[in-house]
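*Asks:* This is upload06.cif, which holds mmCIF, C-alpha atoms:
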```cif
data_model
loop_
_atom_site.label_atom_id
_atom_site.label_comp_id
_atom_site.auth_asym_id
_atom_site.auth_seq_id
_atom_site.Cartn_x
_atom_site.Cartn_y
_atom_site.Cartn_z
CA LEU F 21 -22.63 14.67 -18.14
CA VAL F 22 -20.58 14.45 -21.31
CA LEU F 23 -18.16 17.18 -22.39
CA ARG F 24 -16.82 16.92 -25.93
CA THR F 25 -15.33 20.27 -26.87
CA ARG F 26 -12.99 21.76 -29.46
CA ARG F 27 -11.75 24.24 -26.87
CA TYR F 28 -8.33 23.45 -25.52
CA ASP F 29 -7.81 22.05 -22.02
CA GLU F 30 -11.35 22.52 -20.78
CA PRO F 31 -12.59 20.57 -17.72
CA ILE F 32 -16.20 19.56 -17.25
CA ILE F 33 -16.22 21.10 -13.78
CA HIS F 34 -13.72 23.68 -12.47
CA ILE F 35 -14.01 24.51 -8.74
CA ARG F 36 -12.22 27.77 -7.91
CA GLN F 37 -13.77 28.76 -4.59
CA GLY F 38 -16.37 27.68 -2.08
CA THR F 39 -17.60 24.10 -1.77
CA ALA F 40 -18.98 21.92 -4.56
CA ILE F 41 -20.86 18.68 -3.87
CA LEU F 42 -21.14 16.18 -6.74
CA ARG F 43 -23.31 13.09 -6.24
CA ASN F 44 -24.71 10.32 -8.41
CA LEU F 45 -23.14 11.47 -11.67
CA GLU F 46 -21.30 9.99 -14.61
CA LEU F 47 -18.72 12.38 -16.08
CA LYS F 48 -17.21 11.67 -19.51
CA HIS F 49 -14.54 14.12 -20.65
CA VAL F 50 -13.03 14.82 -24.09
CA SER F 51 -11.08 18.05 -24.77
CA ASN F 52 -8.43 19.17 -27.23
CA GLY F 53 -4.95 19.96 -25.90
CA HIS F 54 -2.55 18.22 -23.55
CA ASP F 55 -2.13 20.55 -20.55
CA ILE F 56 -3.06 18.11 -17.81
CA TRP F 57 -2.10 20.61 -15.09
CA ASN F 58 -4.33 23.44 -16.28
CA GLY F 59 -7.62 22.13 -17.50
CA ASN F 60 -7.38 18.86 -19.41
CA ALA F 61 -9.20 16.91 -16.73
CA ALA F 62 -12.77 15.93 -16.01
CA VAL F 63 -12.73 17.74 -12.62
CA GLN F 64 -10.28 20.55 -11.77
CA ILE F 65 -10.05 21.79 -8.16
CA GLN F 66 -7.80 24.85 -8.22
CA PRO F 67 -8.24 28.30 -6.68
CA SER F 68 -8.15 31.47 -8.70
CA ASN F 69 -4.88 33.40 -8.53
CA ILE F 70 -4.40 35.14 -5.21
CA SER F 71 -3.62 38.84 -5.49
CA ASP F 72 -0.63 40.35 -3.72
CA GLU F 73 -3.00 42.17 -1.36
CA GLN F 74 -4.59 38.96 -0.12
CA SER F 75 -3.05 37.33 2.89
CA MET F 76 -2.29 33.63 2.68
CA LEU F 77 -3.34 33.38 6.32
CA SER F 78 -6.92 34.23 5.41
CA PHE F 79 -7.03 32.17 2.22
CA SER F 80 -9.37 29.19 2.16
CA GLY F 81 -8.96 26.89 -0.82
CA PRO F 82 -11.84 25.43 -2.81
CA LYS F 83 -13.43 22.23 -1.56
CA ALA F 84 -15.01 19.39 -3.48
CA ILE F 85 -17.01 16.42 -2.23
CA LEU F 86 -17.59 13.62 -4.74
CA GLU F 87 -19.83 10.68 -3.87
CA HIS F 88 -21.01 7.92 -6.21
CA VAL F 89 -19.46 9.59 -9.25
CA ALA F 90 -18.02 7.72 -12.26
CA ILE F 91 -15.29 9.70 -14.03
CA SER F 92 -13.39 9.08 -17.25
CA SER F 93 -11.32 11.27 -19.58
CA ALA F 94 -10.36 10.23 -23.10
CA THR F 95 -7.83 13.09 -23.32
CA GLY F 96 -6.46 13.94 -19.86
CA ARG F 97 -6.71 13.31 -16.12
CA GLY F 98 -9.71 12.30 -14.09
CA ILE F 99 -9.42 14.59 -11.05
CA VAL F 100 -6.83 17.33 -10.51
CA ASN F 101 -6.57 18.90 -7.03
CA ILE F 102 -3.82 21.53 -6.80
CA ASP F 103 -2.65 24.79 -5.22
CA GLY F 104 -4.38 24.32 -1.87
CA GLY F 105 -7.57 22.60 -2.97
CA GLN F 106 -9.31 20.10 -0.69
CA MET F 107 -11.32 17.12 -1.82
CA THR F 108 -13.20 14.15 -0.44
CA VAL F 109 -13.85 11.26 -2.84
CA ARG F 110 -16.14 8.43 -1.65
CA ASN F 111 -17.57 5.47 -3.51
CA CYS F 112 -16.35 6.78 -6.85
CA TYR F 113 -15.09 5.08 -10.02
CA VAL F 114 -12.18 6.84 -11.77
CA HIS F 115 -11.39 4.83 -14.85
CA ASP F 116 -9.93 4.80 -18.34
CA CYS F 117 -8.38 8.27 -18.20
CA ALA F 118 -5.69 9.02 -20.77
CA ALA F 119 -3.40 10.38 -18.06
CA THR F 120 -3.43 10.11 -14.25
CA GLY F 121 -6.64 9.03 -12.55
CA ILE F 122 -6.25 11.34 -9.53
CA TYR F 123 -3.51 13.99 -9.26
CA VAL F 124 -2.74 16.01 -6.09
CA GLY F 125 -0.18 18.84 -6.10
CA GLY F 126 0.75 21.83 -3.94
CA GLN F 127 1.87 21.45 -0.34
CA GLU F 128 -1.41 22.76 1.12
CA SER F 129 -3.60 20.46 -0.98
CA ARG F 130 -5.56 17.75 0.83
CA ALA F 131 -7.28 14.61 -0.45
CA TYR F 132 -9.34 11.97 1.32
CA ILE F 133 -10.22 8.99 -0.89
CA GLU F 134 -12.38 6.15 0.43
CA ARG F 135 -14.03 3.04 -1.09
CA THR F 136 -13.07 4.16 -4.58
CA ASP F 137 -11.92 2.29 -7.68
CA VAL F 138 -9.07 3.91 -9.64
CA VAL F 139 -8.46 1.58 -12.56
CA ARG F 140 -7.11 1.36 -16.12
CA ASN F 141 -5.72 4.88 -16.22
CA GLY F 142 -2.65 6.29 -17.97
CA ASN F 143 -2.77 4.53 -21.32
CA GLY F 144 -2.71 7.69 -23.40
CA ASN F 145 -5.04 9.60 -25.68
CA ASN F 146 -6.50 7.31 -28.31
CA THR F 147 -8.59 10.06 -29.92
CA HIS F 148 -5.73 12.19 -31.30
CA ARG F 149 -2.19 11.22 -32.29
CA ARG F 150 -0.78 14.44 -30.78
CA GLY F 151 -2.48 13.94 -27.46
CA ILE F 152 -1.21 12.61 -24.14
CA ALA F 153 1.21 9.69 -24.43
CA ARG F 154 0.77 6.56 -22.34
CA GLY F 155 2.62 6.11 -19.06
CA HIS F 156 0.70 7.54 -16.09
CA SER F 157 -0.30 6.39 -12.62
CA GLY F 158 -3.55 5.69 -10.85
CA VAL F 159 -2.98 8.19 -8.03
CA TYR F 160 -0.09 10.67 -8.18
CA LEU F 161 0.69 12.73 -5.09
CA GLU F 162 3.30 15.29 -6.06
CA GLN F 163 2.82 17.45 -2.97
CA GLY F 164 0.21 17.73 -0.25
CA HIS F 165 -1.46 15.19 2.03
CA ALA F 166 -3.52 12.26 0.78
CA ARG F 167 -5.30 9.66 2.88
CA ILE F 168 -6.52 6.61 0.95
CA VAL F 169 -8.76 4.11 2.75
CA ASP F 170 -10.28 0.84 1.49
CA CYS F 171 -9.68 1.54 -2.21
CA ASN F 172 -8.94 -0.51 -5.31
CA ILE F 173 -6.12 1.09 -7.33
CA SER F 174 -5.28 -1.40 -10.04
CA LEU F 175 -4.57 -2.08 -13.71
CA ASN F 176 -3.06 1.37 -14.25
CA CYS F 177 -0.35 1.89 -16.87
CA LEU F 178 2.49 3.02 -14.59
CA THR F 179 2.34 2.89 -10.78
CA GLY F 180 -0.71 2.33 -8.66
CA VAL F 181 0.08 5.11 -6.17
CA SER F 182 3.10 7.45 -6.29
CA ALA F 183 4.06 9.93 -3.55
CA VAL F 184 6.89 12.03 -4.93
CA SER F 185 8.12 15.05 -2.97
CA PRO F 186 10.70 14.10 -0.31
CA ASP F 187 9.52 17.00 1.84
CA ASN F 188 5.83 17.57 1.15
CA ALA F 189 4.16 14.39 -0.18
CA ILE F 190 2.49 12.88 2.90
CA LEU F 191 0.61 9.66 2.17
CA ASP F 192 -1.52 7.50 4.48
CA LEU F 193 -2.63 4.29 2.74
CA GLU F 194 -4.91 1.88 4.59
CA ARG F 195 -6.76 -1.36 3.79
CA SER F 196 -6.42 -0.93 0.04
CA GLU F 197 -5.61 -3.21 -2.90
CA LEU F 198 -2.97 -2.25 -5.45
CA VAL F 199 -2.92 -4.99 -8.08
CA SER F 200 -1.58 -5.47 -11.60
CA ASN F 201 -0.27 -1.96 -12.12
CA GLY F 202 2.33 -1.53 -14.85
CA SER F 203 5.45 -0.89 -12.76
CA PHE F 204 5.46 -0.45 -8.96
CA GLN F 205 2.25 -0.98 -7.05
CA LEU F 206 3.30 1.68 -4.51
CA GLU F 207 6.00 4.35 -4.76
CA MET F 208 6.68 6.09 -1.44
CA PRO F 209 9.03 9.00 -0.71
CA ALA F 210 12.59 7.79 -0.24
CA VAL F 211 13.54 6.31 3.13
CA GLY F 212 15.10 8.92 5.39
CA THR F 213 13.19 11.87 3.95
CA PRO F 214 10.79 13.99 6.01
CA ALA F 215 7.84 12.91 3.86
CA HIS F 216 8.63 9.22 4.34
CA SER F 217 8.78 9.57 8.12
CA ARG F 218 5.33 11.20 8.13
CA SER F 219 3.73 8.71 5.74
CA SER F 220 2.24 5.29 6.46
CA ALA F 221 0.98 2.17 4.69
CA VAL F 222 -1.01 -0.25 6.85
CA ASN F 223 -2.94 -3.47 6.09
CA ASN F 224 -2.77 -3.20 2.31
CA THR F 225 -2.56 -5.84 -0.43
CA PHE F 226 0.08 -5.47 -3.16
CA SER F 227 0.33 -7.90 -6.07
CA ALA F 228 1.81 -7.76 -9.56
CA ILE F 229 -0.88 -10.14 -10.82
CA GLY F 230 -4.44 -10.92 -9.91
CA LEU F 231 -7.95 -9.52 -9.94
CA PRO F 232 -8.81 -6.92 -7.27
CA ARG F 233 -12.17 -6.49 -5.57
CA SER F 234 -14.27 -3.51 -6.59
CA ARG F 235 -15.05 -1.02 -3.84
CA SER F 236 -17.32 1.64 -5.29
CA GLY F 237 -20.20 -0.48 -6.51
CA LEU F 238 -19.99 1.45 -9.79
CA ALA F 239 -17.22 -0.45 -11.54
CA LYS F 240 -17.98 -3.13 -14.06
CA GLU F 241 -16.24 -6.35 -13.11
CA ASP F 242 -13.57 -7.22 -15.72
#
```
Show this structure as structure tokens.
*Replies:*
Amino acid sequence: LVLRTRRYDEPIIHIRQGTAILRNLELKHVSNGHDIWNGNAAVQIQPSNISDEQSMLSFSGPKAILEHVAISSATGRGIVNIDGGQMTVRNCYVHDCAATGIYVGGQESRAYIERTDVVRNGNGNNTHRRGIARGHSGVYLEQGHARIVDCNISLNCLTGVSAVSPDNAILDLERSELVSNGSFQLEMPAVGTPAHSRSSAVNNTFSAIGLPRSRSGLAKED
């Protein structure tokens, strides 16, 4: 699927409710604009606004399952999961996005990422001089809970993986390679914060140089 639109900040797929299952696809995204929180992404997982009458106790966020999907965005992010969305990403290839490869935000958001390549993201929009500037990470966890297992997160412009909120960014990173990212390979919440005490990084490989091993089976070997 290729989306090339003159509309501003338009994702290829926007999941607002229910469960969406995406398998065996290649998604190529190009959209005008630079709002990478509200639409300038290949896949946007974000619920519709909840009315005042709706109880948060009964609210169930949208869910997305992506398997064997290759995703790129010439103008924005690859996957955005915010405001209580839930996603499972397996054997996927998130590559060459202008901004962040995978972004998770909102304290109730959940992400499980396994055997996935997140590579060469964050180098900016090369299609329009007023687009997104370079300087973004492979995976950026602003808030929520992300578990990353047996992944290759490498060659991204800024960090490989960043977990930001000192209170609500809970990261579990296991058996993954973070190699040749532009600044830090891994950025965890600061030591002593609640988020740091609830996060973990076990049996991973971090290196400022080198060639990582592909996990998804979809990535072209560089």
*Asks:* Of the candidates F:Leu206, F:Ala189, F:Ile41, F:Ile65, which shows the shortest atom-to-atom distance to Arg110 (chain F), using all atoms listed in the file?
*Replies:* F:Ile41
*Asks:* So, counting all atoms listed in the file, which residue among F:Ser92, F:Glu87, F:Ala118, F:Pro82 is closest to Ile56 (chain F)?
*Replies:*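 Of F:Ser92, F:Glu87, F:Ala118, F:Pro82, the one nearest Ile56 (chain F) is F:Ala118, counting all atoms listed in the file.
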*Asks:* Taking into account all atoms listed in the file, which residue in the set F:Leu238, F:Ile122, F:Ile85, F:Ile152 is nearest to Ile102 (chain F)?
*Replies:*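 Checking each candidate against Ile102 (chain F), we get F:Ile122 as the closest.
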*Asks:* Quick one: residues within 7 Å of Ser220 (chain F), all atoms listed in the file counted, chain neighbours fewer than 6 positions away excluded, as a list of chain:residue names?
*Replies:* F:Leu191, F:Asp192, F:Leu193
*Asks:* Residues near Ser219 (chain F), anyone? I mean within 12 Å using all atoms listed in the file, not counting same-chain ones fewer than 3 positions away, as a PyMOL selection string.
*Replies:* chain F and resi 161+164-168+183-194+207-216+222
*Asks:* Take the residues that were just selected and, keeping C-alpha atoms, output them as a PDB file, in the frame of the given file.
*Replies:*
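Below is the file that was written, again26.pdb:
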```
ATOM      1  CA  LEU F 161       0.690  12.730  -5.090  1.00  0.00           C
ATOM      2  CA  GLY F 164       0.210  17.730  -0.250  1.00  0.00           C
ATOM      3  CA  HIS F 165      -1.460  15.190   2.030  1.00  0.00           C
ATOM      4  CA  ALA F 166      -3.520  12.260   0.780  1.00  0.00           C
ATOM      5  CA  ARG F 167      -5.300   9.660   2.880  1.00  0.00           C
ATOM      6  CA  ILE F 168      -6.520   6.610   0.950  1.00  0.00           C
ATOM      7  CA  ALA F 183       4.060   9.930  -3.550  1.00  0.00           C
ATOM      8  CA  VAL F 184       6.890  12.030  -4.930  1.00  0.00           C
ATOM      9  CA  SER F 185       8.120  15.050  -2.970  1.00  0.00           C
ATOM     10  CA  PRO F 186      10.700  14.100  -0.310  1.00  0.00           C
ATOM     11  CA  ASP F 187       9.520  17.000   1.840  1.00  0.00           C
ATOM     12  CA  ASN F 188       5.830  17.570   1.150  1.00  0.00           C
ATOM     13  CA  ALA F 189       4.160  14.390  -0.180  1.00  0.00           C
ATOM     14  CA  ILE F 190       2.490  12.880   2.900  1.00  0.00           C
ATOM     15  CA  LEU F 191       0.610   9.660   2.170  1.00  0.00           C
ATOM     16  CA  ASP F 192      -1.520   7.500   4.480  1.00  0.00           C
ATOM     17  CA  LEU F 193      -2.630   4.290   2.740  1.00  0.00           C
ATOM     18  CA  GLU F 194      -4.910   1.880   4.590  1.00  0.00           C
ATOM     19  CA  GLU F 207       6.000   4.350  -4.760  1.00  0.00           C
ATOM     20  CA  MET F 208       6.680   6.090  -1.440  1.00  0.00           C
ATOM     21  CA  PRO F 209       9.030   9.000  -0.710  1.00  0.00           C
ATOM     22  CA  ALA F 210      12.590   7.790  -0.240  1.00  0.00           C
ATOM     23  CA  VAL F 211      13.540   6.310   3.130  1.00  0.00           C
ATOM     24  CA  GLY F 212      15.100   8.920   5.390  1.00  0.00           C
ATOM     25  CA  THR F 213      13.190  11.870   3.950  1.00  0.00           C
ATOM     26  CA  PRO F 214      10.790  13.990   6.010  1.00  0.00           C
ATOM     27  CA  ALA F 215       7.840  12.910   3.860  1.00  0.00           C
ATOM     28  CA  HIS F 216       8.630   9.220   4.340  1.00  0.00           C
ATOM     29  CA  VAL F 222      -1.010  -0.250   6.850  1.00  0.00           C
TER      30      VAL F 222
END
```
*Asks:* Between CA of Ser174 (chain F) and CA of Thr39 (chain F), measure the distance and give it in Å to one decimal.
*Replies:*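 Between CA of Ser174 (chain F) and CA of Thr39 (chain F) the gap is 29.5 Å.
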*Asks:* Taking only C-alpha atoms into account, which of F:Ser217, F:Ile173, F:Gln106, F:Val50 comes nearest Asn146 (chain F)?
*Replies:*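 Residue with the minimum atom-to-atom distance to Asn146 (chain F): F:Val50.
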*Asks:* Work out how far apart CA of Ser200 (chain F) and CA of Gln163 (chain F) are and give it in Å to one decimal.
*Replies:*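 We find that CA of Ser200 (chain F) and CA of Gln163 (chain F) lie 24.9 Å from each other.
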*Asks:* Using only C-alpha atoms, which of F:Asn141, F:Asn172, F:Ser236, F:Ser203 sits nearest His88 (chain F)?
*Replies:*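 Between F:Asn141, F:Asn172, F:Ser236, F:Ser203, the residue approaching His88 (chain F) most closely is F:Ser236.
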*Asks:* Taking the file as shown, what set of residues would the PyMOL selection byres ((chain F and resi 111-116) around 9) give back, as a PyMOL selection string?
*Replies:* chain F and resi 86-94+98-99+109-110+117-119+121-122+133-143+158+171+176+235-239
*Asks:* What is the distance between CA of Ala62 (chain F) and CA of Ala131 (chain F), in Å to one decimal?
*Replies:*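 Distance between the two atoms: 16.6 Å.
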*Asks:* Enumerate, as a PyMOL selection string, the residues matched when the PyMOL selection byres ((chain F and resi 100) around 10) is run on the file above.
*Replies:* chain F and resi 31+34+56-66+96-99+101-102+105+107+120-125+160
*Asks:* For each of F:Arg154, F:Arg130, F:Arg27, F:Arg36, take the minimum atom-to-atom distance to Gly202 (chain F), counting only C-alpha atoms, then give the residue where this is smallest.
*Replies:*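 Under the stated criterion, the closest residue is F:Arg154.
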